$ cat input-v2.cif   # mmCIF, C-alpha atoms and all ligand atoms
data_input
loop_
_atom_site.group_PDB
_atom_site.id
_atom_site.type_symbol
_atom_site.label_atom_id
_atom_site.label_comp_id
_atom_site.auth_asym_id
_atom_site.auth_seq_id
_atom_site.Cartn_x
_atom_site.Cartn_y
_atom_site.Cartn_z
ATOM 1 C CA MET A 1 5.351 -11.017 30.400
ATOM 2 C CA THR A 2 4.311 -12.093 26.928
ATOM 3 C CA PRO A 3 5.541 -9.664 24.296
ATOM 4 C CA VAL A 4 2.755 -8.060 22.316
ATOM 5 C CA ALA A 5 2.798 -9.366 18.763
ATOM 6 C CA ASP A 6 3.322 -6.802 16.052
ATOM 7 C CA PRO A 7 0.184 -7.003 13.854
ATOM 8 C CA ARG A 8 2.398 -6.733 10.803
ATOM 9 C CA ASP A 9 4.041 -10.033 11.771
ATOM 10 C CA VAL A 10 0.752 -11.732 12.477
ATOM 11 C CA LEU A 11 -0.761 -10.586 9.201
ATOM 12 C CA LYS A 12 1.836 -12.120 6.919
ATOM 13 C CA PRO A 13 1.595 -10.824 3.376
ATOM 14 C CA ALA A 14 -0.157 -12.968 0.814
ATOM 15 C CA LEU A 15 2.789 -14.609 -0.894
ATOM 16 C CA ALA A 16 1.867 -14.679 -4.567
ATOM 17 C CA SER A 17 5.592 -14.365 -5.466
ATOM 18 C CA PRO A 18 5.480 -10.662 -6.320
ATOM 19 C CA VAL A 19 7.453 -9.511 -9.346
ATOM 20 C CA CYS A 20 8.708 -5.978 -9.922
ATOM 21 C CA PRO A 21 6.606 -4.216 -12.596
ATOM 22 C CA VAL A 22 9.634 -2.210 -13.737
ATOM 23 C CA CYS A 23 12.553 -4.646 -14.016
ATOM 24 C CA LYS A 24 10.623 -7.930 -13.604
ATOM 25 C CA SER A 25 12.921 -9.072 -10.793
ATOM 26 C CA ALA A 26 11.551 -11.361 -8.079
ATOM 27 C CA GLU A 27 14.274 -10.165 -5.704
ATOM 28 C CA VAL A 28 11.884 -8.172 -3.570
ATOM 29 C CA GLN A 29 11.270 -7.404 0.106
ATOM 30 C CA HIS A 30 8.017 -6.780 1.861
ATOM 31 C CA TRP A 31 7.886 -3.044 2.613
ATOM 32 C CA ALA A 32 4.560 -2.222 4.258
ATOM 33 C CA ARG A 33 0.895 -3.035 4.577
ATOM 34 C CA ALA A 34 -1.511 -0.229 3.969
ATOM 35 C CA LYS A 35 -5.200 0.512 3.774
ATOM 36 C CA ASP A 36 -7.352 2.956 1.875
ATOM 37 C CA VAL A 37 -7.231 5.819 4.388
ATOM 38 C CA GLU A 38 -8.827 8.368 2.033
ATOM 39 C CA TYR A 39 -11.949 6.922 0.382
ATOM 40 C CA TYR A 40 -12.325 3.781 2.565
ATOM 41 C CA THR A 41 -13.311 1.754 -0.501
ATOM 42 C CA SER A 42 -12.612 -1.494 1.351
ATOM 43 C CA ALA A 43 -11.343 -2.726 4.679
ATOM 44 C CA ASP A 44 -8.656 -4.801 2.974
ATOM 45 C CA TRP A 45 -4.954 -4.532 3.677
ATOM 46 C CA PHE A 46 -2.682 -4.159 0.651
ATOM 47 C CA ASP A 47 0.980 -5.132 0.474
ATOM 48 C CA TYR A 48 3.777 -2.964 -0.863
ATOM 49 C CA PHE A 49 7.085 -4.522 -1.849
ATOM 50 C CA ARG A 50 10.460 -2.960 -2.592
ATOM 51 C CA CYS A 51 12.442 -4.224 -5.560
ATOM 52 C CA GLU A 52 16.083 -4.687 -4.548
ATOM 53 C CA PRO A 53 17.713 -4.294 -7.986
ATOM 54 C CA CYS A 54 15.783 -1.228 -9.187
ATOM 55 C CA ASP A 55 14.575 0.405 -5.929
ATOM 56 C CA VAL A 56 10.906 0.894 -6.676
ATOM 57 C CA LEU A 57 7.958 0.184 -4.398
ATOM 58 C CA PHE A 58 5.037 -1.658 -5.884
ATOM 59 C CA LEU A 59 1.666 -2.987 -4.826
ATOM 60 C CA SER A 60 1.114 -6.705 -5.170
ATOM 61 C CA PRO A 61 -1.209 -8.287 -6.037
ATOM 62 C CA LEU A 62 -2.649 -5.446 -8.119
ATOM 63 C CA PRO A 63 -6.366 -4.795 -7.697
ATOM 64 C CA ALA A 64 -6.586 -4.401 -11.491
ATOM 65 C CA ASP A 65 -10.017 -6.064 -11.648
ATOM 66 C CA ARG A 66 -11.437 -3.741 -8.959
ATOM 67 C CA LEU A 67 -11.026 -0.357 -10.668
ATOM 68 C CA SER A 68 -14.647 0.756 -10.264
ATOM 69 C CA GLU A 69 -14.390 -0.097 -6.575
ATOM 70 C CA ILE A 70 -11.045 1.572 -5.842
ATOM 71 C CA TYR A 71 -11.886 4.676 -7.927
ATOM 72 C CA PRO A 72 -15.319 5.576 -6.500
ATOM 73 C CA SER A 73 -17.408 8.262 -8.216
ATOM 74 C CA ASN A 74 -16.531 10.856 -5.560
ATOM 75 C CA TYR A 75 -12.839 10.338 -6.450
ATOM 76 C CA TYR A 76 -13.291 12.277 -9.694
ATOM 77 C CA ALA A 77 -15.498 14.848 -7.981
ATOM 78 C CA TYR A 78 -12.583 15.720 -5.720
ATOM 79 C CA ALA A 79 -10.133 15.990 -8.607
ATOM 80 C CA GLN A 80 -12.394 18.540 -10.306
ATOM 81 C CA SER A 81 -13.524 20.512 -7.290
ATOM 82 C CA GLY A 82 -12.495 23.755 -5.832
ATOM 83 C CA ARG A 83 -10.068 26.565 -6.252
ATOM 84 C CA SER A 84 -8.792 26.622 -2.697
ATOM 85 C CA PHE A 85 -5.819 28.736 -1.716
ATOM 86 C CA VAL A 86 -3.532 25.685 -1.747
ATOM 87 C CA GLN A 87 -4.759 24.679 -5.193
ATOM 88 C CA ARG A 88 -4.093 28.189 -6.464
ATOM 89 C CA VAL A 89 -0.550 28.084 -5.054
ATOM 90 C CA LYS A 90 -0.088 24.670 -6.622
ATOM 91 C CA SER A 91 -1.341 25.883 -9.981
ATOM 92 C CA TRP A 92 1.037 28.871 -9.786
ATOM 93 C CA LEU A 93 3.931 26.456 -9.131
ATOM 94 C CA ASP A 94 2.794 24.224 -11.983
ATOM 95 C CA GLN A 95 2.646 27.222 -14.326
ATOM 96 C CA ARG A 96 6.191 28.188 -13.414
ATOM 97 C CA GLY A 97 7.371 24.684 -14.327
ATOM 98 C CA LEU A 98 5.301 24.664 -17.521
ATOM 99 C CA ARG A 99 6.707 28.017 -18.633
ATOM 100 C CA ARG A 100 10.272 26.800 -18.118
ATOM 101 C CA ILE A 101 9.804 23.588 -20.092
ATOM 102 C CA LEU A 102 7.902 25.319 -22.933
ATOM 103 C CA ARG A 103 10.758 27.817 -23.358
ATOM 104 C CA GLU A 104 13.002 24.903 -24.320
ATOM 105 C CA ILE A 105 10.748 23.806 -27.190
ATOM 106 C CA ALA A 106 11.363 25.446 -30.583
ATOM 107 C CA GLY A 107 8.605 26.064 -33.150
ATOM 108 C CA ASP A 108 5.783 28.445 -34.035
ATOM 109 C CA ARG A 109 2.888 26.041 -33.608
ATOM 110 C CA LEU A 110 3.050 23.585 -30.743
ATOM 111 C CA SER A 111 0.868 20.690 -29.710
ATOM 112 C CA ALA A 112 0.424 19.342 -26.203
ATOM 113 C CA LEU A 113 -0.905 16.067 -24.837
ATOM 114 C CA ASP A 114 -2.003 15.559 -21.228
ATOM 115 C CA ILE A 115 -2.216 11.880 -20.350
ATOM 116 C CA GLY A 116 -4.726 11.530 -17.516
ATOM 117 C CA GLY A 117 -5.515 15.224 -18.032
ATOM 118 C CA GLY A 118 -9.181 15.075 -16.904
ATOM 119 C CA THR A 119 -11.055 18.276 -17.700
ATOM 120 C CA GLY A 120 -8.054 19.883 -19.402
ATOM 121 C CA GLU A 121 -7.318 22.202 -16.492
ATOM 122 C CA ILE A 122 -3.543 21.950 -16.932
ATOM 123 C CA LEU A 123 -3.796 22.247 -20.724
ATOM 124 C CA ASN A 124 -5.673 25.509 -20.143
ATOM 125 C CA GLN A 125 -2.614 26.670 -18.224
ATOM 126 C CA VAL A 126 -0.305 25.440 -20.989
ATOM 127 C CA ARG A 127 -2.229 27.541 -23.516
ATOM 128 C CA ALA A 128 -2.261 30.503 -21.125
ATOM 129 C CA VAL A 129 1.521 30.528 -20.607
ATOM 130 C CA ASP A 130 2.466 29.993 -24.282
ATOM 131 C CA SER A 131 0.384 31.281 -27.190
ATOM 132 C CA ARG A 132 2.267 29.030 -29.629
ATOM 133 C CA VAL A 133 0.296 26.050 -28.290
ATOM 134 C CA ARG A 134 -2.457 25.502 -30.886
ATOM 135 C CA PHE A 135 -3.523 21.892 -30.453
ATOM 136 C CA THR A 136 -4.267 20.292 -27.099
ATOM 137 C CA GLN A 137 -5.288 16.692 -26.487
ATOM 138 C CA VAL A 138 -6.505 14.942 -23.333
ATOM 139 C CA VAL A 139 -6.401 11.176 -22.949
ATOM 140 C CA ASP A 140 -8.392 10.077 -19.926
ATOM 141 C CA LEU A 141 -10.972 7.572 -18.771
ATOM 142 C CA ASP A 142 -13.302 9.924 -16.916
ATOM 143 C CA PRO A 143 -16.576 10.346 -18.894
ATOM 144 C CA LYS A 144 -17.675 13.370 -16.815
ATOM 145 C CA ALA A 145 -14.473 15.226 -17.651
ATOM 146 C CA GLU A 146 -14.960 14.762 -21.390
ATOM 147 C CA GLN A 147 -17.684 17.408 -21.860
ATOM 148 C CA ILE A 148 -15.760 19.986 -19.852
ATOM 149 C CA ALA A 149 -12.524 19.296 -21.757
ATOM 150 C CA LEU A 150 -14.337 19.563 -25.112
ATOM 151 C CA SER A 151 -16.048 22.804 -24.092
ATOM 152 C CA ARG A 152 -12.598 24.205 -23.324
ATOM 153 C CA GLY A 153 -11.475 23.415 -26.854
ATOM 154 C CA HIS A 154 -9.333 20.370 -26.128
ATOM 155 C CA ALA A 155 -9.497 17.178 -28.148
ATOM 156 C CA TYR A 156 -10.503 14.318 -25.859
ATOM 157 C CA ALA A 157 -9.914 10.586 -26.229
ATOM 158 C CA ARG A 158 -11.743 8.454 -23.702
ATOM 159 C CA SER A 159 -9.105 5.778 -23.617
ATOM 160 C CA ARG A 160 -6.246 4.312 -21.679
ATOM 161 C CA ILE A 161 -2.948 5.634 -22.988
ATOM 162 C CA GLU A 162 -1.995 2.060 -23.794
ATOM 163 C CA ASP A 163 -4.864 1.922 -26.331
ATOM 164 C CA PHE A 164 -4.535 5.461 -27.717
ATOM 165 C CA PRO A 165 -3.373 5.402 -31.372
ATOM 166 C CA ALA A 166 0.138 6.877 -31.614
ATOM 167 C CA ASP A 167 -0.495 8.401 -35.051
ATOM 168 C CA ARG A 168 0.677 11.937 -34.356
ATOM 169 C CA SER A 169 3.469 13.491 -32.373
ATOM 170 C CA PHE A 170 3.344 16.140 -29.649
ATOM 171 C CA ASP A 171 5.802 18.842 -28.668
ATOM 172 C CA LEU A 172 4.839 18.637 -25.011
ATOM 173 C CA ILE A 173 3.574 15.552 -23.213
ATOM 174 C CA LEU A 174 2.381 15.713 -19.614
ATOM 175 C CA LEU A 175 2.171 12.736 -17.298
ATOM 176 C CA LEU A 176 1.247 14.394 -14.025
ATOM 177 C CA ASN A 177 0.562 11.958 -11.201
ATOM 178 C CA LEU A 178 -0.258 9.230 -13.681
ATOM 179 C CA ILE A 179 2.691 6.852 -13.982
ATOM 180 C CA GLU A 180 2.259 5.638 -10.376
ATOM 181 C CA HIS A 181 -1.299 4.485 -11.241
ATOM 182 C CA VAL A 182 -0.539 2.209 -14.207
ATOM 183 C CA GLU A 183 0.149 -1.492 -14.410
ATOM 184 C CA ASP A 184 3.269 -1.325 -16.596
ATOM 185 C CA PRO A 185 5.082 2.004 -16.132
ATOM 186 C CA ILE A 186 7.857 1.227 -18.636
ATOM 187 C CA SER A 187 5.466 0.487 -21.490
ATOM 188 C CA VAL A 188 3.475 3.667 -20.721
ATOM 189 C CA LEU A 189 6.682 5.741 -20.718
ATOM 190 C CA ARG A 190 7.758 4.092 -23.956
ATOM 191 C CA LYS A 191 4.360 4.719 -25.542
ATOM 192 C CA ALA A 192 4.440 8.370 -24.483
ATOM 193 C CA GLY A 193 8.031 8.653 -25.734
ATOM 194 C CA SER A 194 7.013 7.254 -29.125
ATOM 195 C CA MET A 195 4.568 10.184 -29.491
ATOM 196 C CA LEU A 196 7.149 12.812 -28.540
ATOM 197 C CA ALA A 197 8.317 15.106 -31.351
ATOM 198 C CA PRO A 198 12.097 14.918 -31.979
ATOM 199 C CA GLN A 199 12.761 18.177 -30.077
ATOM 200 C CA GLY A 200 9.786 17.714 -27.747
ATOM 201 C CA ARG A 201 9.711 17.589 -23.978
ATOM 202 C CA MET A 202 7.896 15.390 -21.520
ATOM 203 C CA LEU A 203 7.030 16.443 -17.984
ATOM 204 C CA VAL A 204 6.356 13.774 -15.380
ATOM 205 C CA LYS A 205 5.193 14.388 -11.832
ATOM 206 C CA THR A 206 5.238 11.433 -9.463
ATOM 207 C CA PRO A 207 5.695 10.684 -5.755
ATOM 208 C CA ASN A 208 9.162 10.143 -4.294
ATOM 209 C CA PHE A 209 9.306 7.599 -1.479
ATOM 210 C CA ASP A 210 12.806 8.682 -0.430
ATOM 211 C CA SER A 211 11.357 11.441 1.722
ATOM 212 C CA LEU A 212 10.810 12.334 5.375
ATOM 213 C CA ASP A 213 7.039 11.733 5.396
ATOM 214 C CA ALA A 214 7.428 8.405 3.548
ATOM 215 C CA ARG A 215 9.822 7.269 6.298
ATOM 216 C CA LEU A 216 7.723 8.580 9.191
ATOM 217 C CA PHE A 217 4.499 7.017 7.901
ATOM 218 C CA ARG A 218 5.928 3.916 6.213
ATOM 219 C CA HIS A 219 3.862 1.583 8.424
ATOM 220 C CA ARG A 220 0.956 3.987 8.930
ATOM 221 C CA SER A 221 -0.659 3.990 5.473
ATOM 222 C CA TRP A 222 1.504 6.908 4.246
ATOM 223 C CA GLY A 223 -0.557 9.296 2.106
ATOM 224 C CA GLY A 224 1.847 8.757 -0.803
ATOM 225 C CA TYR A 225 0.728 5.137 -1.129
ATOM 226 C CA HIS A 226 -2.695 6.576 -2.001
ATOM 227 C CA CYS A 227 -3.541 2.964 -1.275
ATOM 228 C CA PRO A 228 -4.642 0.970 -3.234
ATOM 229 C CA ARG A 229 -4.465 3.393 -6.200
ATOM 230 C CA HIS A 230 -0.700 3.987 -6.404
ATOM 231 C CA TRP A 231 0.803 0.846 -7.863
ATOM 232 C CA THR A 232 4.443 1.828 -8.458
ATOM 233 C CA LEU A 233 6.455 4.407 -6.539
ATOM 234 C CA PHE A 234 9.912 5.705 -7.406
ATOM 235 C CA THR A 235 12.785 7.741 -6.051
ATOM 236 C CA ALA A 236 14.465 10.331 -8.264
ATOM 237 C CA GLN A 237 17.203 7.814 -9.071
ATOM 238 C CA SER A 238 14.955 4.842 -9.711
ATOM 239 C CA PHE A 239 12.682 6.950 -11.926
ATOM 240 C CA GLU A 240 15.680 8.069 -13.962
ATOM 241 C CA ARG A 241 16.688 4.426 -14.510
ATOM 242 C CA ALA A 242 13.149 3.467 -15.523
ATOM 243 C CA ALA A 243 12.949 6.406 -17.953
ATOM 244 C CA SER A 244 16.236 5.411 -19.499
ATOM 245 C CA ALA A 245 15.003 1.820 -19.886
ATOM 246 C CA ALA A 246 12.020 3.303 -21.776
ATOM 247 C CA GLY A 247 14.336 5.171 -24.175
ATOM 248 C CA LEU A 248 14.006 8.589 -22.545
ATOM 249 C CA ARG A 249 16.643 11.009 -21.335
ATOM 250 C CA VAL A 250 16.202 12.882 -18.055
ATOM 251 C CA ASN A 251 17.126 16.564 -18.415
ATOM 252 C CA ARG A 252 16.169 17.807 -15.006
ATOM 253 C CA ILE A 253 14.660 16.593 -11.735
ATOM 254 C CA SER A 254 13.216 18.980 -9.186
ATOM 255 C CA TYR A 255 11.360 18.500 -5.930
ATOM 256 C CA THR A 256 8.021 20.103 -5.220
ATOM 257 C CA GLN A 257 5.813 20.180 -2.144
ATOM 258 C CA GLY A 258 4.159 16.953 -1.057
ATOM 259 C CA ALA A 259 1.499 18.528 1.153
ATOM 260 C CA PRO A 260 -1.356 16.180 0.111
ATOM 261 C CA PHE A 261 0.601 13.170 1.427
ATOM 262 C CA TRP A 262 1.457 14.868 4.714
ATOM 263 C CA ALA A 263 -2.150 15.968 5.125
ATOM 264 C CA ILE A 264 -3.633 12.500 4.607
ATOM 265 C CA SER A 265 -0.990 10.855 6.809
ATOM 266 C CA ILE A 266 -1.622 13.247 9.716
ATOM 267 C CA PHE A 267 -5.388 13.123 9.202
ATOM 268 C CA GLU A 268 -5.317 9.323 9.526
ATOM 269 C CA LEU A 269 -3.435 9.605 12.841
ATOM 270 C CA LEU A 270 -6.119 11.998 14.114
ATOM 271 C CA ARG A 271 -8.920 9.787 12.796
ATOM 272 C CA LYS A 272 -7.489 6.728 14.531
ATOM 273 C CA ALA A 273 -7.220 8.715 17.751
ATOM 274 C CA GLY A 274 -10.923 9.538 17.391
ATOM 275 C CA TRP A 275 -10.374 13.288 16.967
ATOM 276 C CA VAL A 276 -11.834 13.537 13.475
ATOM 277 C CA LYS A 277 -14.396 11.471 11.616
ATOM 278 C CA ALA A 278 -14.494 10.334 7.998
ATOM 279 C CA SER A 279 -16.205 7.560 6.043
ATOM 280 C CA ALA A 280 -16.791 6.306 2.506
ATOM 281 C CA ASP A 281 -19.674 8.805 2.240
ATOM 282 C CA ALA A 282 -17.595 11.645 3.681
ATOM 283 C CA PRO A 283 -14.047 10.733 2.639
ATOM 284 C CA ALA A 284 -10.935 12.273 4.156
ATOM 285 C CA PRO A 285 -10.046 14.504 1.173
ATOM 286 C CA PHE A 286 -13.377 16.363 1.605
ATOM 287 C CA HIS A 287 -12.832 17.051 5.308
ATOM 288 C CA PRO A 288 -12.443 20.766 6.176
ATOM 289 C CA LEU A 289 -9.241 20.000 8.098
ATOM 290 C CA ILE A 290 -7.479 18.745 4.947
ATOM 291 C CA PRO A 291 -6.992 22.163 3.278
ATOM 292 C CA VAL A 292 -5.649 23.496 6.593
ATOM 293 C CA LEU A 293 -3.131 20.652 6.902
ATOM 294 C CA GLN A 294 -2.199 21.040 3.227
ATOM 295 C CA GLY A 295 -1.553 24.736 3.744
ATOM 296 C CA VAL A 296 0.719 24.117 6.719
ATOM 297 C CA PHE A 297 2.705 21.359 5.015
ATOM 298 C CA ALA A 298 2.933 23.107 1.639
ATOM 299 C CA PHE A 299 4.650 25.933 3.526
ATOM 300 C CA LEU A 300 6.889 23.512 5.442
ATOM 301 C CA ASP A 301 7.858 21.578 2.314
ATOM 302 C CA LEU A 302 8.569 24.698 0.275
ATOM 303 C CA ALA A 303 10.730 26.042 3.114
ATOM 304 C CA ARG A 304 12.778 22.856 3.260
ATOM 305 C CA THR A 305 12.939 22.110 -0.482
ATOM 306 C CA PRO A 306 16.412 23.654 -0.891
ATOM 307 C CA PHE A 307 17.811 21.427 1.893
ATOM 308 C CA SER A 308 15.966 18.107 1.725
ATOM 309 C CA HIS A 309 13.918 15.911 -0.545
ATOM 310 C CA THR A 310 10.152 16.209 -0.561
ATOM 311 C CA SER A 311 7.741 13.465 -1.591
ATOM 312 C CA GLN A 312 6.895 14.779 -5.097
ATOM 313 C CA ILE A 313 9.243 15.101 -8.046
ATOM 314 C CA PHE A 314 9.002 16.852 -11.395
ATOM 315 C CA VAL A 315 11.044 15.174 -14.115
ATOM 316 C CA GLU A 316 11.740 16.828 -17.472
ATOM 317 C CA LEU A 317 12.531 14.373 -20.247
ATOM 318 C CA SER A 318 13.348 14.246 -23.918
ATOM 319 C CA ARG A 319 13.827 11.441 -26.423
ATOM 320 C CA GLY A 320 16.900 9.361 -25.663
ATOM 321 C CA PRO A 321 19.185 7.721 -28.186
ATOM 322 C CA GLY A 322 17.091 4.529 -28.121
ATOM 323 C CA LEU A 323 13.824 6.071 -29.346
HETATM 324 ZN ZN ZN B 401 12.681 -3.792 -10.168
#

$ encode --input "input-v2.cif" --output "structure tokens" --more "lines below"
Ligand SMILES: [Zn+2]
Amino acid sequence: MTPVADPRDVLKPALASPVCPVCKSAEVQHWARAKDVEYYTSADWFDYFRCEPCDVLFLSPLPADRLSEIYPSNYYAYAQSGRSFVQRVKSWLDQRGLRRILREIAGDRLSALDIGGGTGEILNQVRAVDSRVRFTQVVDLDPKAEQIALSRGHAYARSRIEDFPADRSFDLILLLNLIEHVEDPISVLRKAGSMLAPQGRMLVKTPNFDSLDARLFRHRSWGGYHCPRHWTLFTAQSFERAASAAGLRVNRISYTQGAPFWAISIFELLRKAGWVKASADAPAPFHPLIPVLQGVFAFLDLARTPFSHTSQIFVELSRGPGL
């Protein structure tokens, strides 16, 4: 009997000698092939590699010239939509984290910057949990979010953080689910660090690929790849090394629920089995089953957080000796 070929062996990765975006090493191993299983922006396979020296996963080659294709207009619509039960739980958890980090910052008048902050939703929460916050700034690329952010009283720069002028400092800088989307994570961390007030704090939220769902769905377009939009993925340890290379000091790392990744991963299994339908016009994140799956896995992840690592980390940082 002829053994059935594994499609991953047949479809050999395009060998454009991938280089780690964090440490620039070429000592890398092919990790997985994945597809866009959320917005179906193309039928292409994308290759993730793992850097041996610094233990990050990265996409290569980067679809950097295809941004308008891989971030379709309904992508932003989803980010701004809805106040579902899961989103309310998530926002309550975020507020708890925000309150804790703000308590550590001294001063009567504080300023906060949200990089990739969209409509200023999180900055609204920052203001709500601490009345000392007087100036709030969003840096984001989404033109539709700008009007909403301005109407909420936030300053808005329609810019990449790389191009944003670092001419003032901030007491609190947020990089929530942003660092995994950028081409050069170290330079973005360094840029953010250069805008951090001496006693300021930075809060980063990013996926952790050292998790149960990342292992289970490694070769099944794991939701955490958010393929092809997540370009660099860390573990708690590899993020700490990257932050230190960018001149930042890690004060605290905590794990939070990774329900969106579980939900997309399971949904894709069901879709492939023909049990649910989704398409570019009706993408997976809009499917009514997604909030149900997110609810179940948010509960599961929160229940197991004390005992095992989930696929999302919060990292609290301050300026290191090098900045
Ligand atoms: Zn590396």

$ closest_residue --input "input-v2.cif" --among "A:Ser111, A:Leu123, A:Pro185, A:Val139" --to "Pro165 of chain A" --atoms "only C-alpha atoms"
A:Val139

$ resolve_selection --input "input-v2.cif" --expression "the PyMOL selection byres (((chain A and resi 146) around 8) and not hetatm)" --output "JSON, numbers by chain"
{"A": [118, 119, 142, 143, 144, 145, 147, 148, 149, 150, 156, 158]}

$ residues_near_ligand --input "input-v2.cif" --ligand "ligand ZN 401 (chain B)" --cutoff "8 Å" --atoms "all atoms listed in the file" --output "PyMOL selection string"
chain A and resi 19-28+50-56

$ resolve_selection --input "input-v2.cif" --expression "the PyMOL selection byres (((chain A and resi 91-100) around 12) and not hetatm)" --output "ChimeraX atom specification"
/A:83-90,101-105,112,121-133,172-174,176,201-205,252-257,298,302,313-316

$ residues_around --input "input-v2.cif" --residues "Val182 of chain A" --least-positions-apart "6" --cutoff "12 Å" --atoms "all atoms listed in the file" --output "list of chain:residue names"
A:Pro21, A:Val22, A:Phe58, A:Leu59, A:Leu62, A:Pro63, A:Ala64, A:Leu67, A:Ile115, A:Gly116, A:Arg160, A:Ile161, A:Glu162, A:Leu175, A:Val188, A:Leu189, A:Thr206, A:Pro228, A:Arg229, A:His230, A:Trp231, A:Thr232, A:Leu233

$ closest_residue --input "input-v2.cif" --among "A:Tyr225, A:Phe170, A:Phe209, A:Tyr48" --to "Asp36 of chain A" --atoms "all atoms listed in the file"
A:Tyr225

$ residues_around --input "input-v2.cif" --residues "Phe267 of chain A" --least-positions-apart "3" --cutoff "8 Å" --atoms "only C-alpha atoms" --output "JSON, numbers by chain"
{"A": [263, 264, 270, 271, 276, 284, 289, 290]}

$ atom_distance --input "input-v2.cif" --atom1 "atom CA of Ala280 of chain A" --atom2 "atom CA of Val37 of chain A"
9.8 Å

$ closest_residue --input "input-v2.cif" --among "A:Phe297, A:Tyr39, A:Tyr71, A:Phe49" --to "Phe234 of chain A" --atoms "only C-alpha atoms"
A:Phe49

$ closest_residue --input "input-v2.cif" --among "A:Ser187, A:Thr41, A:Thr136, A:Asn251" --to "His226 of chain A" --atoms "all atoms listed in the file"
A:Thr41
